[in-house]
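Participant: Just so it is clear, I am handing over run.cif, which has mmCIF, C-alpha atoms (C1' of nucleotides).
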```
data_protein
loop_
_atom_site.group_PDB
_atom_site.id
_atom_site.type_symbol
_atom_site.label_atom_id
_atom_site.label_comp_id
_atom_site.auth_asym_id
_atom_site.auth_seq_id
_atom_site.Cartn_x
_atom_site.Cartn_y
_atom_site.Cartn_z
ATOM 1 C CA MET A 1 4.685 -16.712 -8.891
ATOM 2 C CA PRO A 2 1.916 -15.330 -6.705
ATOM 3 C CA GLU A 3 -1.459 -15.319 -8.381
ATOM 4 C CA GLN A 4 -1.914 -11.691 -7.377
ATOM 5 C CA LEU A 5 0.778 -10.626 -9.856
ATOM 6 C CA VAL A 6 -1.304 -12.002 -12.704
ATOM 7 C CA PHE A 7 -4.432 -10.163 -11.602
ATOM 8 C CA ARG A 8 -2.398 -7.030 -11.230
ATOM 9 C CA ALA A 9 -0.851 -7.416 -14.669
ATOM 10 C CA ILE A 10 -4.144 -7.812 -16.515
ATOM 11 C CA ALA A 11 -5.844 -4.962 -14.657
ATOM 12 C CA ASP A 12 -4.426 -2.292 -16.967
ATOM 13 C CA PRO A 13 -5.925 -1.773 -20.454
ATOM 14 C CA THR A 14 -2.585 -0.903 -22.041
ATOM 15 C CA ARG A 15 -1.123 -4.168 -20.801
ATOM 16 C CA ARG A 16 -4.070 -6.172 -22.108
ATOM 17 C CA SER A 17 -3.594 -4.421 -25.427
ATOM 18 C CA ILE A 18 0.077 -5.360 -25.461
ATOM 19 C CA MET A 19 -0.885 -8.953 -24.781
ATOM 20 C CA ALA A 20 -3.212 -8.914 -27.786
ATOM 21 C CA MET A 21 -0.388 -7.561 -29.917
ATOM 22 C CA LEU A 22 2.014 -10.255 -28.729
ATOM 23 C CA ALA A 23 -0.519 -12.919 -29.598
ATOM 24 C CA ASN A 24 0.630 -12.337 -33.182
ATOM 25 C CA GLY A 25 4.190 -13.248 -32.309
ATOM 26 C CA GLU A 26 7.455 -11.965 -30.910
ATOM 27 C CA HIS A 27 8.043 -8.200 -30.842
ATOM 28 C CA SER A 28 10.835 -5.875 -29.787
ATOM 29 C CA LEU A 29 10.292 -3.046 -27.336
ATOM 30 C CA GLY A 30 10.544 -0.332 -29.988
ATOM 31 C CA ASP A 31 8.141 -2.282 -32.121
ATOM 32 C CA ILE A 32 5.601 -2.410 -29.303
ATOM 33 C CA ALA A 33 6.143 1.168 -28.169
ATOM 34 C CA SER A 34 5.525 2.526 -31.671
ATOM 35 C CA ASN A 35 1.911 1.444 -31.283
ATOM 36 C CA TYR A 36 1.233 3.665 -28.300
ATOM 37 C CA GLU A 37 1.170 7.361 -27.530
ATOM 38 C CA MET A 38 3.284 7.000 -24.416
ATOM 39 C CA THR A 39 7.069 7.021 -24.256
ATOM 40 C CA ARG A 40 9.246 3.906 -24.428
ATOM 41 C CA PRO A 41 10.193 3.920 -20.750
ATOM 42 C CA ALA A 42 6.491 3.790 -19.929
ATOM 43 C CA VAL A 43 6.022 0.763 -22.174
ATOM 44 C CA THR A 44 9.085 -0.829 -20.583
ATOM 45 C CA LYS A 45 7.403 -0.565 -17.206
ATOM 46 C CA HIS A 46 4.266 -2.234 -18.496
ATOM 47 C CA LEU A 47 6.308 -5.037 -19.980
ATOM 48 C CA LYS A 48 8.100 -5.543 -16.682
ATOM 49 C CA ILE A 49 4.792 -5.931 -14.875
ATOM 50 C CA LEU A 50 3.626 -8.408 -17.510
ATOM 51 C CA GLU A 51 6.888 -10.306 -16.963
ATOM 52 C CA GLN A 52 6.369 -10.356 -13.206
ATOM 53 C CA GLY A 53 2.957 -11.871 -13.796
ATOM 54 C CA GLY A 54 4.535 -14.540 -15.986
ATOM 55 C CA LEU A 55 2.573 -13.376 -19.011
ATOM 56 C CA VAL A 56 5.556 -12.315 -21.097
ATOM 57 C CA LYS A 57 9.023 -13.745 -21.593
ATOM 58 C CA VAL A 58 11.983 -11.788 -22.922
ATOM 59 C CA ARG A 59 15.102 -12.777 -24.789
ATOM 60 C CA THR A 60 17.916 -10.553 -25.931
ATOM 61 C CA GLN A 61 19.061 -10.623 -29.543
ATOM 62 C CA GLY A 62 21.808 -8.178 -30.324
ATOM 63 C CA ARG A 63 20.676 -4.791 -29.127
ATOM 64 C CA GLU A 64 17.016 -5.748 -29.235
ATOM 65 C CA ARG A 65 14.872 -7.335 -26.582
ATOM 66 C CA LEU A 66 12.258 -9.651 -28.002
ATOM 67 C CA HIS A 67 9.058 -10.271 -26.066
ATOM 68 C CA THR A 68 6.831 -13.297 -26.371
ATOM 69 C CA LEU A 69 3.449 -13.998 -24.834
ATOM 70 C CA GLN A 70 3.112 -16.726 -22.190
ATOM 71 C CA PRO A 71 -0.630 -17.163 -22.163
ATOM 72 C CA GLU A 72 -0.554 -20.192 -19.857
ATOM 73 C CA ALA A 73 -0.134 -17.767 -16.991
ATOM 74 C CA LEU A 74 -3.789 -16.921 -17.496
ATOM 75 C CA ARG A 75 -4.789 -20.371 -16.380
ATOM 76 C CA SER A 76 -4.866 -19.437 -12.702
ATOM 77 C CA VAL A 77 -7.324 -16.676 -13.538
ATOM 78 C CA ALA A 78 -9.410 -19.105 -15.576
ATOM 79 C CA GLU A 79 -9.496 -21.455 -12.609
ATOM 80 C CA TRP A 80 -10.560 -18.686 -10.302
ATOM 81 C CA ILE A 81 -13.371 -17.727 -12.653
ATOM 82 C CA SER A 82 -14.453 -21.316 -13.081
ATOM 83 C CA PHE A 83 -15.351 -21.441 -9.399
ATOM 84 C CA PHE A 84 -17.878 -18.665 -9.926
ATOM 85 C CA SER A 85 -19.098 -19.895 -13.271
ATOM 86 C CA GLN A 86 -21.126 -22.571 -11.519
ATOM 87 C CA PHE A 87 -23.187 -19.810 -9.951
ATOM 88 C CA TRP A 88 -23.936 -17.995 -13.148
ATOM 89 C CA ASP A 89 -24.838 -20.857 -15.430
ATOM 90 C CA GLU A 90 -24.747 -24.590 -15.052
ATOM 91 C CA LYS A 91 -23.971 -24.956 -18.731
ATOM 92 C CA LEU A 92 -20.673 -23.256 -18.143
ATOM 93 C CA ASP A 93 -19.573 -26.054 -15.868
ATOM 94 C CA ASN A 94 -17.922 -27.144 -19.091
ATOM 95 C CA LEU A 95 -15.415 -24.435 -18.427
ATOM 96 C CA LYS A 96 -14.564 -25.803 -15.022
ATOM 97 C CA ARG A 97 -14.154 -29.340 -16.294
ATOM 98 C CA ALA A 98 -12.028 -28.201 -19.193
ATOM 99 C CA VAL A 99 -9.634 -26.388 -16.912
ATOM 100 C CA GLU A 100 -9.439 -29.181 -14.375
ATOM 101 C CA ALA A 101 -8.936 -31.804 -17.033
ATOM 102 C CA ASP A 102 -5.948 -29.901 -18.244
ATOM 103 C CA ASP A 103 -4.221 -30.121 -14.887
ATOM 104 C CA GLU A 104 -3.628 -33.862 -15.237
ATOM 105 C CA MET B 1 -20.733 -1.100 -17.838
ATOM 106 C CA PRO B 2 -17.204 -0.786 -19.215
ATOM 107 C CA GLU B 3 -15.239 -4.003 -19.117
ATOM 108 C CA GLN B 4 -12.373 -2.159 -17.460
ATOM 109 C CA LEU B 5 -14.408 -1.758 -14.267
ATOM 110 C CA VAL B 6 -14.610 -5.531 -13.912
ATOM 111 C CA PHE B 7 -10.870 -5.995 -14.357
ATOM 112 C CA ARG B 8 -10.291 -3.245 -11.856
ATOM 113 C CA ALA B 9 -12.695 -4.780 -9.350
ATOM 114 C CA ILE B 10 -11.094 -8.221 -9.377
ATOM 115 C CA ALA B 11 -7.546 -6.873 -9.193
ATOM 116 C CA ASP B 12 -7.598 -6.522 -5.407
ATOM 117 C CA PRO B 13 -7.241 -9.612 -3.174
ATOM 118 C CA THR B 14 -9.620 -8.286 -0.518
ATOM 119 C CA ARG B 15 -12.318 -7.829 -3.126
ATOM 120 C CA ARG B 16 -11.810 -11.325 -4.512
ATOM 121 C CA SER B 17 -12.062 -12.607 -0.957
ATOM 122 C CA ILE B 18 -15.333 -10.738 -0.458
ATOM 123 C CA MET B 19 -16.641 -12.302 -3.657
ATOM 124 C CA ALA B 20 -15.832 -15.752 -2.320
ATOM 125 C CA MET B 21 -17.691 -14.926 0.874
ATOM 126 C CA LEU B 22 -20.737 -13.699 -1.018
ATOM 127 C CA ALA B 23 -20.805 -16.902 -3.022
ATOM 128 C CA ASN B 24 -22.345 -18.423 0.111
ATOM 129 C CA GLY B 25 -25.242 -15.981 -0.022
ATOM 130 C CA GLU B 26 -26.398 -12.510 0.918
ATOM 131 C CA HIS B 27 -24.482 -10.637 3.620
ATOM 132 C CA SER B 28 -24.755 -7.266 5.339
ATOM 133 C CA LEU B 29 -21.893 -4.799 5.462
ATOM 134 C CA GLY B 30 -21.169 -5.397 9.149
ATOM 135 C CA ASP B 31 -21.262 -9.105 8.533
ATOM 136 C CA ILE B 32 -18.660 -8.798 5.786
ATOM 137 C CA ALA B 33 -16.513 -6.268 7.628
ATOM 138 C CA SER B 34 -16.275 -8.501 10.711
ATOM 139 C CA ASN B 35 -14.197 -10.894 8.608
ATOM 140 C CA TYR B 36 -11.438 -8.390 7.912
ATOM 141 C CA GLU B 37 -8.881 -6.440 9.891
ATOM 142 C CA MET B 38 -9.713 -3.168 8.200
ATOM 143 C CA THR B 39 -12.409 -0.706 9.253
ATOM 144 C CA ARG B 40 -15.958 -0.733 7.920
ATOM 145 C CA PRO B 41 -15.522 2.387 5.751
ATOM 146 C CA ALA B 42 -12.676 0.585 3.990
ATOM 147 C CA VAL B 43 -14.894 -2.417 3.295
ATOM 148 C CA THR B 44 -17.609 -0.063 2.082
ATOM 149 C CA LYS B 45 -15.220 1.295 -0.511
ATOM 150 C CA HIS B 46 -14.336 -2.180 -1.732
ATOM 151 C CA LEU B 47 -18.014 -3.039 -2.021
ATOM 152 C CA LYS B 48 -18.636 0.105 -4.029
ATOM 153 C CA ILE B 49 -15.931 -0.845 -6.504
ATOM 154 C CA LEU B 50 -17.404 -4.339 -6.781
ATOM 155 C CA GLU B 51 -20.774 -2.701 -7.444
ATOM 156 C CA GLN B 52 -19.289 -0.491 -10.158
ATOM 157 C CA GLY B 53 -17.943 -3.594 -11.813
ATOM 158 C CA GLY B 54 -21.406 -5.155 -11.684
ATOM 159 C CA LEU B 55 -20.164 -7.974 -9.477
ATOM 160 C CA VAL B 56 -22.294 -7.135 -6.447
ATOM 161 C CA LYS B 57 -25.855 -5.888 -6.047
ATOM 162 C CA VAL B 58 -27.168 -4.181 -2.929
ATOM 163 C CA ARG B 59 -30.615 -3.938 -1.398
ATOM 164 C CA THR B 60 -31.628 -2.097 1.732
ATOM 165 C CA GLN B 61 -33.593 -3.888 4.414
ATOM 166 C CA GLY B 62 -34.342 -1.718 7.421
ATOM 167 C CA ARG B 63 -31.074 -0.316 8.616
ATOM 168 C CA GLU B 64 -29.009 -3.019 6.925
ATOM 169 C CA ARG B 65 -27.612 -3.159 3.423
ATOM 170 C CA LEU B 66 -27.575 -6.647 2.009
ATOM 171 C CA HIS B 67 -25.057 -7.551 -0.680
ATOM 172 C CA THR B 68 -25.400 -10.324 -3.200
ATOM 173 C CA LEU B 69 -22.925 -11.632 -5.734
ATOM 174 C CA GLN B 70 -23.578 -11.115 -9.458
ATOM 175 C CA PRO B 71 -21.102 -13.585 -10.912
ATOM 176 C CA GLU B 72 -22.358 -13.154 -14.490
ATOM 177 C CA ALA B 73 -20.300 -9.986 -14.613
ATOM 178 C CA LEU B 74 -17.270 -12.240 -14.817
ATOM 179 C CA ARG B 75 -18.345 -13.455 -18.207
ATOM 180 C CA SER B 76 -16.594 -10.641 -20.059
ATOM 181 C CA VAL B 77 -13.347 -11.649 -18.371
ATOM 182 C CA ALA B 78 -13.956 -15.272 -19.283
ATOM 183 C CA GLU B 79 -14.451 -14.220 -22.891
ATOM 184 C CA TRP B 80 -11.251 -12.231 -22.876
ATOM 185 C CA ILE B 81 -9.342 -15.197 -21.500
ATOM 186 C CA SER B 82 -10.903 -17.563 -23.990
ATOM 187 C CA PHE B 83 -9.205 -15.670 -26.797
ATOM 188 C CA PHE B 84 -5.821 -16.487 -25.307
ATOM 189 C CA SER B 85 -6.695 -19.994 -24.258
ATOM 190 C CA GLN B 86 -6.368 -21.110 -27.862
ATOM 191 C CA PHE B 87 -2.703 -20.242 -27.665
ATOM 192 C CA TRP B 88 -1.992 -22.173 -24.520
ATOM 193 C CA ASP B 89 -3.810 -25.373 -25.243
ATOM 194 C CA GLU B 90 -6.052 -26.503 -28.026
ATOM 195 C CA LYS B 91 -7.991 -28.689 -25.633
ATOM 196 C CA LEU B 92 -9.154 -25.573 -23.854
ATOM 197 C CA ASP B 93 -10.986 -24.457 -26.940
ATOM 198 C CA ASN B 94 -13.824 -26.032 -25.018
ATOM 199 C CA LEU B 95 -13.753 -22.960 -22.864
ATOM 200 C CA LYS B 96 -14.168 -20.662 -25.816
ATOM 201 C CA ARG B 97 -17.014 -22.655 -27.260
ATOM 202 C CA ALA B 98 -18.757 -22.857 -23.917
ATOM 203 C CA VAL B 99 -18.669 -19.120 -23.495
ATOM 204 C CA GLU B 100 -19.757 -18.383 -27.030
ATOM 205 C CA ALA B 101 -22.562 -20.925 -26.873
ATOM 206 C CA ASP B 102 -23.914 -19.135 -23.854
ATOM 207 C CA ASP B 103 -24.289 -15.875 -25.746
ATOM 208 C CA GLU B 104 -27.147 -17.221 -27.844
ATOM 209 C "C1'" DT C 1 -38.568 8.911 23.343
ATOM 210 C "C1'" DT C 2 -34.275 7.690 24.373
ATOM 211 C "C1'" DG C 3 -30.589 5.011 23.460
ATOM 212 C "C1'" DA C 4 -28.146 1.657 20.733
ATOM 213 C "C1'" DC C 5 -26.975 0.027 16.322
ATOM 214 C "C1'" DA C 6 -26.006 -0.147 11.041
ATOM 215 C "C1'" DT C 7 -24.577 2.606 7.836
ATOM 216 C "C1'" DG C 8 -23.226 6.844 4.907
ATOM 217 C "C1'" DA C 9 -20.204 10.796 4.080
ATOM 218 C "C1'" DA C 10 -16.368 13.696 4.185
ATOM 219 C "C1'" DA C 11 -11.720 15.025 5.098
ATOM 220 C "C1'" DC C 12 -7.454 13.408 5.277
ATOM 221 C "C1'" DC C 13 -3.050 10.519 4.547
ATOM 222 C "C1'" DA C 14 0.692 7.358 2.751
ATOM 223 C "C1'" DA C 15 1.952 4.425 -0.730
ATOM 224 C "C1'" DA C 16 1.494 2.628 -5.337
ATOM 225 C "C1'" DA C 17 0.648 3.356 -10.220
ATOM 226 C "C1'" DG C 18 1.384 5.420 -14.520
ATOM 227 C "C1'" DG C 19 3.707 8.577 -16.730
ATOM 228 C "C1'" DT C 20 7.699 11.924 -18.048
ATOM 229 C "C1'" DT C 21 12.633 13.676 -18.926
ATOM 230 C "C1'" DT C 22 17.449 13.025 -18.882
ATOM 231 C "C1'" DC C 23 21.475 10.368 -19.016
ATOM 232 C "C1'" DT C 24 24.153 6.114 -19.805
ATOM 233 C "C1'" DT C 25 25.361 1.838 -22.039
ATOM 234 C "C1'" DA C 26 25.723 -1.637 -25.629
ATOM 235 C "C1'" DT C 27 25.422 -3.054 -30.362
ATOM 236 C "C1'" DA C 28 25.308 -2.305 -35.302
ATOM 237 C "C1'" DA C 29 26.574 0.037 -39.410
ATOM 238 C "C1'" DA C 30 29.025 3.851 -42.180
ATOM 239 C "C1'" DT D 1 36.379 4.352 -35.415
ATOM 240 C "C1'" DT D 2 32.743 7.375 -35.481
ATOM 241 C "C1'" DT D 3 27.893 7.676 -35.575
ATOM 242 C "C1'" DA D 4 23.309 6.100 -35.148
ATOM 243 C "C1'" DT D 5 20.111 2.984 -32.931
ATOM 244 C "C1'" DA D 6 17.844 0.059 -29.066
ATOM 245 C "C1'" DA D 7 17.377 -0.164 -24.743
ATOM 246 C "C1'" DG D 8 18.164 0.221 -19.379
ATOM 247 C "C1'" DA D 9 18.253 3.267 -15.228
ATOM 248 C "C1'" DA D 10 17.312 6.860 -12.256
ATOM 249 C "C1'" DA D 11 15.033 10.921 -10.660
ATOM 250 C "C1'" DC D 12 10.985 13.123 -10.598
ATOM 251 C "C1'" DC D 13 5.842 14.310 -10.887
ATOM 252 C "C1'" DT D 14 0.663 13.684 -10.598
ATOM 253 C "C1'" DT D 15 -3.241 10.874 -9.865
ATOM 254 C "C1'" DT D 16 -5.304 6.826 -7.980
ATOM 255 C "C1'" DT D 17 -5.736 3.519 -4.467
ATOM 256 C "C1'" DG D 18 -6.436 1.647 -0.043
ATOM 257 C "C1'" DG D 19 -6.757 2.915 4.195
ATOM 258 C "C1'" DT D 20 -7.940 5.910 8.459
ATOM 259 C "C1'" DT D 21 -10.676 9.065 11.771
ATOM 260 C "C1'" DT D 22 -14.551 11.773 12.787
ATOM 261 C "C1'" DC D 23 -19.197 13.072 12.398
ATOM 262 C "C1'" DA D 24 -24.066 12.736 10.747
ATOM 263 C "C1'" DT D 25 -28.254 9.993 9.720
ATOM 264 C "C1'" DG D 26 -31.816 6.572 9.817
ATOM 265 C "C1'" DT D 27 -33.934 2.598 12.072
ATOM 266 C "C1'" DC D 28 -34.958 -0.622 15.722
ATOM 267 C "C1'" DA D 29 -35.960 -1.739 20.526
ATOM 268 C "C1'" DA D 30 -36.438 -0.652 25.762
#
```
Produce structure tokens that represent the structure in this file.
Facilitator:
Amino acid sequence: MPEQLVFRAIADPTRRSIMAMLANGEHSLGDIASNYEMTRPAVTKHLKILEQGGLVKVRTQGRERLHTLQPEALRSVAEWISFFSQFWDEKLDNLKRAVEADDE
Amino acid sequence: MPEQLVFRAIADPTRRSIMAMLANGEHSLGDIASNYEMTRPAVTKHLKILEQGGLVKVRTQGRERLHTLQPEALRSVAEWISFFSQFWDEKLDNLKRAVEADDE
DNA sequence: TTGACATGAAACCAAAAGGTTTCTTATAAA
DNA sequence: TTTATAAGAAACCTTTTGGTTTCATGTCAA
């Protein structure tokens, strides 16, 4: 799972919005699409990109496809940011330690 | 400075690489460009997008343009991630608190 | 002041991104 | 067993992105 796919996935505002929605729990495609102006196929494409980034997992139930958030995929981004956090504020070294501690 | 411009800026691997380079200090355009296969105009465009995201600041000295990293611009991304970190691991609530504490 | 150097600017191009419409397939329900 | 519903798939379109080449400009140094 190349890190680049995560950065790509979170670059789009619609996809970040979908992530926020999925933070509340599992949702079907139609359920998600009803929250946006665009058509369902467009939302499908966004969900596929989120999947490729490892941020969303899908399971099929009957004729529905249920999507769940996989927020752990954001950890690589958090680690990348933590490298720079040391330059912006020493206090935020907490962030770096927190992330690293979690790798054990 | 819309948050979207930061997400856009960090989405490209070349730009993230430039950020890493600038973490070591100020660099001129030619200096930066000499590290990449692409032409200088291409690097110029990347630097402009980094500027728009607030991640790089430029000053002119003689005929050179010196670029410095502004890592604080990453804070909005860190805040966004911190919202999701609660879902992936309670221990990483440290991250959220660290970021919020820094807003005071 | 003439030449070399560091950069900016503009025109252009191919590929990727974000969207649409149309058609098909699979499941559920009448 | 029809009919309605949920979704996948493919073809297509426009705009953005990441890159190029070419030319112009400003500054430093012989």
Participant: Using the chain letters and numbers from the file, give me the residues hit by the PyMOL selection byres ((chain A) within 6 of (chain B)), as JSON, numbers by chain.
Facilitator: {"A": [7, 8, 11, 71, 72, 88, 95]}
Participant: If the PyMOL selection byres ((chain A) within 10 of (chain C)) is run on the structure shown, which residues does it catch, given as a list in words?
Facilitator: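 Output from the PyMOL selection byres ((chain A) within 10 of (chain C)), applied to this file: Asp12, Met38, Thr39, Pro41, Ala42, Val43, Lys45, His46, Gln61, Gly62, Arg63 and Glu64 of chain A.
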Participant: For this structure, which residues satisfy the selection - the PyMOL selection byres ((chain D) within 12 of (chain B)) - when it is evaluated on the file as given? I want them as a PyMOL selection string.
Facilitator: chain D and resi 16-22+25-28
Participant: Between CA of Thr44 in chain B and CA of Thr14 in chain B, what is the distance in Å, rounded to a tenth?
Facilitator: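 Straight-line distance from CA of Thr44 in chain B to CA of Thr14 in chain B works out to 11.8 Å.
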Participant: As an exercise, work out the distance from CA of Arg59 in chain A to CA of Tyr36 in chain A in Å and give it to one decimal place.
Facilitator: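 Between these atoms lies a distance of 21.8 Å.
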Participant: Calculate how many Å separate CA of Val58 in chain B from CA of Ser34 in chain B, rounding to one decimal.
Facilitator: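 Here the two named atoms are 18.0 Å from each other.
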Participant: Can you tell me, as AutoDock Vina command-line options, the centre and edge lengths (Å, one decimal) of the axis-aligned box enclosing all of range 55-70 of chain B's listed atoms after padding each side by 3 Å?
Facilitator:
```
--center_x -27.3 --center_y -6.0 --center_z -0.4 --size_x 20.2 --size_y 17.3 --size_z 24.1
```
